[in-house]
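Asker: There's a structure below that I have some questions on.
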Amino acid sequence: MEEGINVFHPYLRVYLFGAGTIEFPDGSRCRAADWSIRSQSLTLFLLLLCHPERRVSRDALVEAIWPGQSYRAMGSSLNVAKSLLATALEAACGSPLIPRASGEPPGYRLCEQTLLWTDIDACQELIRQALSTKRVEEALSLWESAYTLMQRGSFLADYADAYWTQADWVQARGKALARQRSQCALRIADLSLARGNLGRALEVLIAASEADPSNEDLASHLIALLEREGQSAQALQCYALLEAALLEQQTEPREETKSLARRLRMTEAARGVISLTGPQIVAGSAYPAGMRRQVTWPSLSNRRDLLPVSHSSSPMGGREEDTVFHGLSPSSVPSERSVLLPALPSIWIDEVVFPTTVQAYEDVLALAWEAFYTSSVQRAASTVEHWLRLLALQINIVPGLSDQLTDLQCRFLQLKSVIARDRTDFPTAFAAIDEAIAMAFRLNRAELIASSLYRRAKIHAAEQRYLAAVSYLESALPYASSSRDPLRCYISMLLAEMYSLLAPGNEEYSHRSLTLLDEVERAVRSHGVLEGDGSYVKVDVPGLYMIRGDVLRRAGQFKEAQEAIVVVRDSLSRDFTRWQGNLLLSEARLALAERDIATSVRRGCEVLEITAATRSRSGEAKVHRLYWDIWKVEPEHARLKELGVRLGLV
């Protein structure tokens, strides 16, 4: 049987693991994305193939291909896509592969596996056969065949960012296949051991763990196997990689896995590899996010040489119950690198390990900023606190890198201040940013000084202390002038906004604001989006025009302000939830200025939905101020009570 399951020769073969590929009856192949067919017809084809039954209702297909639309509105477009697909398949195969729509509710379907073969269905059939087979060798062969199909790559790798992959059945199929990939690796390892083939068991577990570092079932299986073979040090390295991967997902290993790690540490201590009496740190006890992929595994030809070789170092982190950091002050941490990383030559540590560690911190900081802007504030906050603690420890451990690490510490503190400001925890925000400012001046780095002063100004702005904000921004500008364009433009934009708030309607201040914004716009038009500096600021069209709209509104130029807001709405990504809230607030303020109270209240209620999702106290405080400003204009308006109820004021 071909591929272990096919009795007949199918008309068409479609590979959905890795690069999506179609194999035609004449043996020719092409990437699915390159097939000369209308894109919506190809999407329809893939959506049907992804369903376990190859049948999907027309309503569900419309929702997947045209989100937010109904079959009544898009039914004709779906029928056209189906017709073109049917024609293309019949032309390629000489046989119809799409039966007529049928069922209740009506849906489209594709023909069976014997005529239209896919690797994902073949894989699942192999697994079903393997589960029902009692003979070890036959079962192992079936599991290996299924695993081989999966090794082409991840499910729908070519379409990882495609919007239609969010369809319920596509997501469910992807998760099921991921579980089956893990199941294959575990069964191959167990059956290989049953046949006395330790090398294959380790090989498949190592490869699967590298591909899915946070899969605790795979990792714990590998750790237990290494322990059984007397490789407790290597088992601990595997545990460290698992712990770091789970930390990135804001979780931690199960208690039984932690117990296994503690037992391994005791084994190593008994062998004299780890001293439990002094404040020593196990090399590789935790890895920063993004570094686990730097670990490689050697050839498996010699079962006693099956040792993972680390190509990265740890910022010496870890959980208190699994490390000796508990109750340890930074000054008590040893400075001898041979204690920290006894197996590595010092030149390799200096030139490879620690530069990689610094880059890992950069990656973590970037992810934390992204988490903050895309609404995972709690995740960003816990990440910042954790890595600040690790930085404080490592600055004492590695004096030669103290400037680089202090630079990172300064930028982590900036983010901490931003998060605290968003929570209206102003004492924490000021404490964090003042520490960052002191570090920036100590390092004498203009970009750090400018960005730190800028973020202190933002705290004053949140407190509505606009004069103080202007003072810090004007102090930051000389340092920003010697920095890169993004930071200089970002400071100019906030200064423009502060001028307009300091004296709304004042012609001189309005002129200052618009002059600054014109300068920023020239930079944006010359260079496009300005981003990528170490301060995690971004200057783009939505951000620029949002501030321009507010400045124009305060200057009484309502028509121009509305035009600016339209630009923002047309260009702002839906992913930036906080900015969507800022946009709605700008619209609410403009509606109030134009005495459109109903729209202003409606937008205020929409902002509250976003602040509830993002847990933004500062956003809620802005809606409070909007409420009272509306109340001053028209306290008896029928819609105002709705906003007051939402705020708990009525």
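Chain identifiers are assigned as A, B, and so on, following the order in which chains appear in the structure tokens; residues are numbered from 1 within each chain, and ligands are numbered from 1 in order of appearance.
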Neighbours of Ala245 of chain A within 7 Å (only C-alpha atoms; same-chain residues fewer than 3 positions away dropped), as JSON, numbers by chain?
Answerer: {"A": [213, 214, 241, 242, 248, 249, 289]}
Asker: Please report, as a ChimeraX atom specification, each residue of segment 21-187 of chain A to which DSSP assigns alpha helix (DSSP H) when run on this structure's backbone.
Answerer: /A:39-50,58-65,71-93,119-131,136-150,168-187
Asker: Near Trp369 of chain A, within 8 Å and counting only C-alpha atoms, which residues show up once chain neighbours fewer than 2 positions away are dropped, as a list in words?
Answerer: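 Skipping anything fewer than 2 positions along the chain leaves Leu365, Ala366, Leu367, Ala371, Phe372, Tyr373, Ala380, Leu415 and Tyr536 of chain A.
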Asker: When distances are computed from only C-alpha atoms, which of A:Tyr361, A:Tyr545, A:Phe45, A:Tyr472 shows the smallest separation from Met493 of chain A?
Answerer: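 Looking only at the distances to Met493 of chain A, the closest residue turns out to be A:Tyr545.
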Asker: From the list A:Ala431, A:Val377, A:Leu647, A:Ala64, which residue is nearest Thr614 of chain A when using only C-alpha atoms?
Answerer: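 Using only C-alpha atoms, Thr614 of chain A sits closest to A:Val377.
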Asker: One number please: atom CA of Ser220 of chain A to atom CA of Asp190 of chain A, in Å, one decimal.
Answerer: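 We find that atom CA of Ser220 of chain A and atom CA of Asp190 of chain A lie 13.3 Å from each other.
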Asker: Using only C-alpha atoms, which residues sit within 10 Å of Thr406 of chain A once same-chain residues fewer than 4 positions away are excluded, as a PyMOL selection string?
Answerer: chain A and resi 391-392+395+401-402+410-412+436+439-440+442-443
Asker: The selected residues should be written to file as an mmCIF file, in the first residue's frame (atoms: C-alpha atoms).
Answerer:
data_model
loop_
_atom_site.group_PDB
_atom_site.id
_atom_site.type_symbol
_atom_site.label_atom_id
_atom_site.label_comp_id
_atom_site.auth_asym_id
_atom_site.auth_seq_id
_atom_site.Cartn_x
_atom_site.Cartn_y
_atom_site.Cartn_z
ATOM 1 C CA LEU A 391 19.879 42.120 35.321
ATOM 2 C CA ALA A 392 20.646 43.350 38.820
ATOM 3 C CA ILE A 395 25.603 43.258 36.573
ATOM 4 C CA LEU A 401 29.610 43.998 30.754
ATOM 5 C CA SER A 402 28.185 46.375 33.344
ATOM 6 C CA CYS A 410 17.684 51.701 32.063
ATOM 7 C CA ARG A 411 15.375 50.737 29.203
ATOM 8 C CA PHE A 412 13.593 48.063 31.250
ATOM 9 C CA ALA A 436 16.477 55.349 34.693
ATOM 10 C CA MET A 439 21.579 55.628 34.926
ATOM 11 C CA ALA A 440 21.321 57.439 31.598
ATOM 12 C CA ARG A 442 25.888 58.099 34.490
ATOM 13 C CA LEU A 443 26.382 56.313 31.149
#
Asker: Could you give me, as a PyMOL selection string, the residues within 10 Å of segment 99-112 of chain A, counting only C-alpha atoms and dropping anything in the same chain fewer than 4 positions from it?
Answerer: chain A and resi 10+44-45+48-49+51+53-61+79+82+86+116-118
Asker: Between A:Ala613, A:Leu405, A:Ile433, A:Ala461, which residue has the minimum interatomic distance to Ser417 of chain A, considering only C-alpha atoms?
Answerer: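 Ranking A:Ala613, A:Leu405, A:Ile433, A:Ala461 by distance to Ser417 of chain A, first place goes to A:Ile433.
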Asker: Measure the distance from atom CA of Ala420 of chain A to atom CA of Leu390 of chain A in Å and round it to one decimal.
Answerer: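 Atom CA of Ala420 of chain A sits 20.0 Å away from atom CA of Leu390 of chain A.
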Asker: Which polymer residues have any atom within 12 Å of an atom of Ala194 of chain A, counting only C-alpha atoms, with same-chain residues fewer than 3 positions away left out, as a list in words?
Answerer: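 Everything that qualifies: Arg135, Val136, Glu137, Ala139, Leu140, Arg187, Ile188, Ala189, Asp190, Leu191, Asn197, Leu198, Arg200 and Ala201 of chain A.
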Asker: Could the residues in this selection be saved with C-alpha atoms as a PDB file, in the first residue's frame?
Answerer:
ATOM      1  CA  ARG A 135       2.800  -6.024  17.125  1.00  0.00           C
ATOM      2  CA  VAL A 136       5.648  -3.719  18.171  1.00  0.00           C
ATOM      3  CA  GLU A 137       7.506  -3.678  14.870  1.00  0.00           C
ATOM      4  CA  ALA A 139       3.168  -0.312  15.132  1.00  0.00           C
ATOM      5  CA  LEU A 140       6.592   1.339  15.156  1.00  0.00           C
ATOM      6  CA  ARG A 187       5.373   6.392  20.872  1.00  0.00           C
ATOM      7  CA  ILE A 188       8.422   6.073  18.607  1.00  0.00           C
ATOM      8  CA  ALA A 189      10.676   6.623  21.633  1.00  0.00           C
ATOM      9  CA  ASP A 190       8.827   4.056  23.752  1.00  0.00           C
ATOM     10  CA  LEU A 191       8.669   1.430  21.007  1.00  0.00           C
ATOM     11  CA  ASN A 197      17.238   1.086  20.209  1.00  0.00           C
ATOM     12  CA  LEU A 198      18.201   3.836  22.694  1.00  0.00           C
ATOM     13  CA  ARG A 200      16.569   6.322  18.001  1.00  0.00           C
ATOM     14  CA  ALA A 201      14.574   7.065  21.161  1.00  0.00           C
TER      15      ALA A 201
END
Asker: Could you list, as a PyMOL selection string, every residue within 7 Å of Ser41 of chain A, counting only C-alpha atoms and ignoring same-chain residues fewer than 2 positions away?
Answerer: chain A and resi 37-39+43-45+81-82+84-85
Asker: Next, write the just-selected residues to a file, as an mmCIF file, in the first residue's frame, keeping all heavy atoms as the atom set.
Answerer:
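Result written to part27.cif:
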data_model
loop_
_atom_site.group_PDB
_atom_site.id
_atom_site.type_symbol
_atom_site.label_atom_id
_atom_site.label_comp_id
_atom_site.auth_asym_id
_atom_site.auth_seq_id
_atom_site.Cartn_x
_atom_site.Cartn_y
_atom_site.Cartn_z
ATOM 1 N N ILE A 37 -4.947 29.904 -10.128
ATOM 2 C CA ILE A 37 -6.372 29.886 -9.785
ATOM 3 C C ILE A 37 -6.647 31.114 -8.936
ATOM 4 O O ILE A 37 -5.763 31.627 -8.247
ATOM 5 C CB ILE A 37 -6.722 28.584 -9.019
ATOM 6 C CG1 ILE A 37 -8.228 28.459 -8.825
ATOM 7 C CG2 ILE A 37 -6.015 28.524 -7.678
ATOM 8 C CD1 ILE A 37 -8.644 27.124 -8.217
ATOM 9 N N ARG A 38 -7.856 31.585 -8.998
ATOM 10 C CA ARG A 38 -8.249 32.768 -8.231
ATOM 11 C C ARG A 38 -8.002 32.539 -6.734
ATOM 12 O O ARG A 38 -8.239 31.445 -6.212
ATOM 13 C CB ARG A 38 -9.729 33.046 -8.488
ATOM 14 C CG ARG A 38 -10.269 34.310 -7.878
ATOM 15 C CD ARG A 38 -11.690 34.519 -8.364
ATOM 16 N NE ARG A 38 -12.346 35.605 -7.662
ATOM 17 C CZ ARG A 38 -13.600 35.988 -7.897
ATOM 18 N NH1 ARG A 38 -14.299 35.351 -8.830
ATOM 19 N NH2 ARG A 38 -14.145 36.977 -7.218
ATOM 20 N N SER A 39 -7.519 33.561 -6.057
ATOM 21 C CA SER A 39 -7.104 33.400 -4.660
ATOM 22 C C SER A 39 -8.250 32.928 -3.769
ATOM 23 O O SER A 39 -8.062 32.102 -2.875
ATOM 24 C CB SER A 39 -6.534 34.716 -4.118
ATOM 25 O OG SER A 39 -7.524 35.731 -4.134
ATOM 26 N N THR A 43 -8.374 29.571 -1.467
ATOM 27 C CA THR A 43 -8.719 29.615 -0.039
ATOM 28 C C THR A 43 -9.865 28.658 0.264
ATOM 29 O O THR A 43 -9.828 27.920 1.260
ATOM 30 C CB THR A 43 -9.104 31.047 0.370
ATOM 31 O OG1 THR A 43 -7.989 31.918 0.137
ATOM 32 C CG2 THR A 43 -9.493 31.114 1.840
ATOM 33 N N LEU A 44 -10.884 28.631 -0.590
ATOM 34 C CA LEU A 44 -12.002 27.709 -0.423
ATOM 35 C C LEU A 44 -11.505 26.262 -0.435
ATOM 36 O O LEU A 44 -11.903 25.443 0.401
ATOM 37 C CB LEU A 44 -13.024 27.936 -1.542
ATOM 38 C CG LEU A 44 -14.165 26.919 -1.648
ATOM 39 C CD1 LEU A 44 -15.020 26.939 -0.376
ATOM 40 C CD2 LEU A 44 -15.022 27.204 -2.881
ATOM 41 N N PHE A 45 -10.617 25.950 -1.371
ATOM 42 C CA PHE A 45 -10.061 24.598 -1.496
ATOM 43 C C PHE A 45 -9.337 24.188 -0.205
ATOM 44 O O PHE A 45 -9.567 23.110 0.346
ATOM 45 C CB PHE A 45 -9.102 24.586 -2.688
ATOM 46 C CG PHE A 45 -8.517 23.239 -3.014
ATOM 47 C CD1 PHE A 45 -9.315 22.124 -3.124
ATOM 48 C CD2 PHE A 45 -7.152 23.107 -3.234
ATOM 49 C CE1 PHE A 45 -8.774 20.878 -3.438
ATOM 50 C CE2 PHE A 45 -6.597 21.880 -3.549
ATOM 51 C CZ PHE A 45 -7.413 20.761 -3.650
ATOM 52 N N ALA A 81 -16.471 31.378 -6.645
ATOM 53 C CA ALA A 81 -15.213 30.774 -6.206
ATOM 54 C C ALA A 81 -15.281 29.253 -6.311
ATOM 55 O O ALA A 81 -14.328 28.599 -6.758
ATOM 56 C CB ALA A 81 -14.913 31.190 -4.762
ATOM 57 N N LYS A 82 -16.422 28.675 -5.922
ATOM 58 C CA LYS A 82 -16.596 27.225 -5.999
ATOM 59 C C LYS A 82 -16.599 26.756 -7.447
ATOM 60 O O LYS A 82 -15.982 25.736 -7.799
ATOM 61 C CB LYS A 82 -17.885 26.840 -5.293
ATOM 62 C CG LYS A 82 -18.186 25.340 -5.313
ATOM 63 C CD LYS A 82 -19.213 24.980 -6.379
ATOM 64 C CE LYS A 82 -19.547 23.483 -6.349
ATOM 65 N NZ LYS A 82 -20.494 23.112 -7.425
ATOM 66 N N LEU A 84 -15.194 28.160 -10.116
ATOM 67 C CA LEU A 84 -13.852 28.260 -10.697
ATOM 68 C C LEU A 84 -12.950 27.151 -10.170
ATOM 69 O O LEU A 84 -12.127 26.588 -10.905
ATOM 70 C CB LEU A 84 -13.246 29.630 -10.378
ATOM 71 C CG LEU A 84 -13.906 30.834 -11.066
ATOM 72 C CD1 LEU A 84 -13.303 32.134 -10.546
ATOM 73 C CD2 LEU A 84 -13.736 30.747 -12.579
ATOM 74 N N LEU A 85 -13.102 26.824 -8.881
ATOM 75 C CA LEU A 85 -12.304 25.742 -8.305
ATOM 76 C C LEU A 85 -12.668 24.408 -8.941
ATOM 77 O O LEU A 85 -11.789 23.613 -9.308
ATOM 78 C CB LEU A 85 -12.530 25.694 -6.796
ATOM 79 C CG LEU A 85 -11.888 24.516 -6.052
ATOM 80 C CD1 LEU A 85 -10.373 24.528 -6.215
ATOM 81 C CD2 LEU A 85 -12.282 24.532 -4.576
#
Asker: From the options A:Gln562, A:Gln171, A:Thr21, A:Gln359, which residue's atoms come nearest to Gly153 of chain A, counting only C-alpha atoms?
Answerer: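 Closest candidate: A:Thr21.
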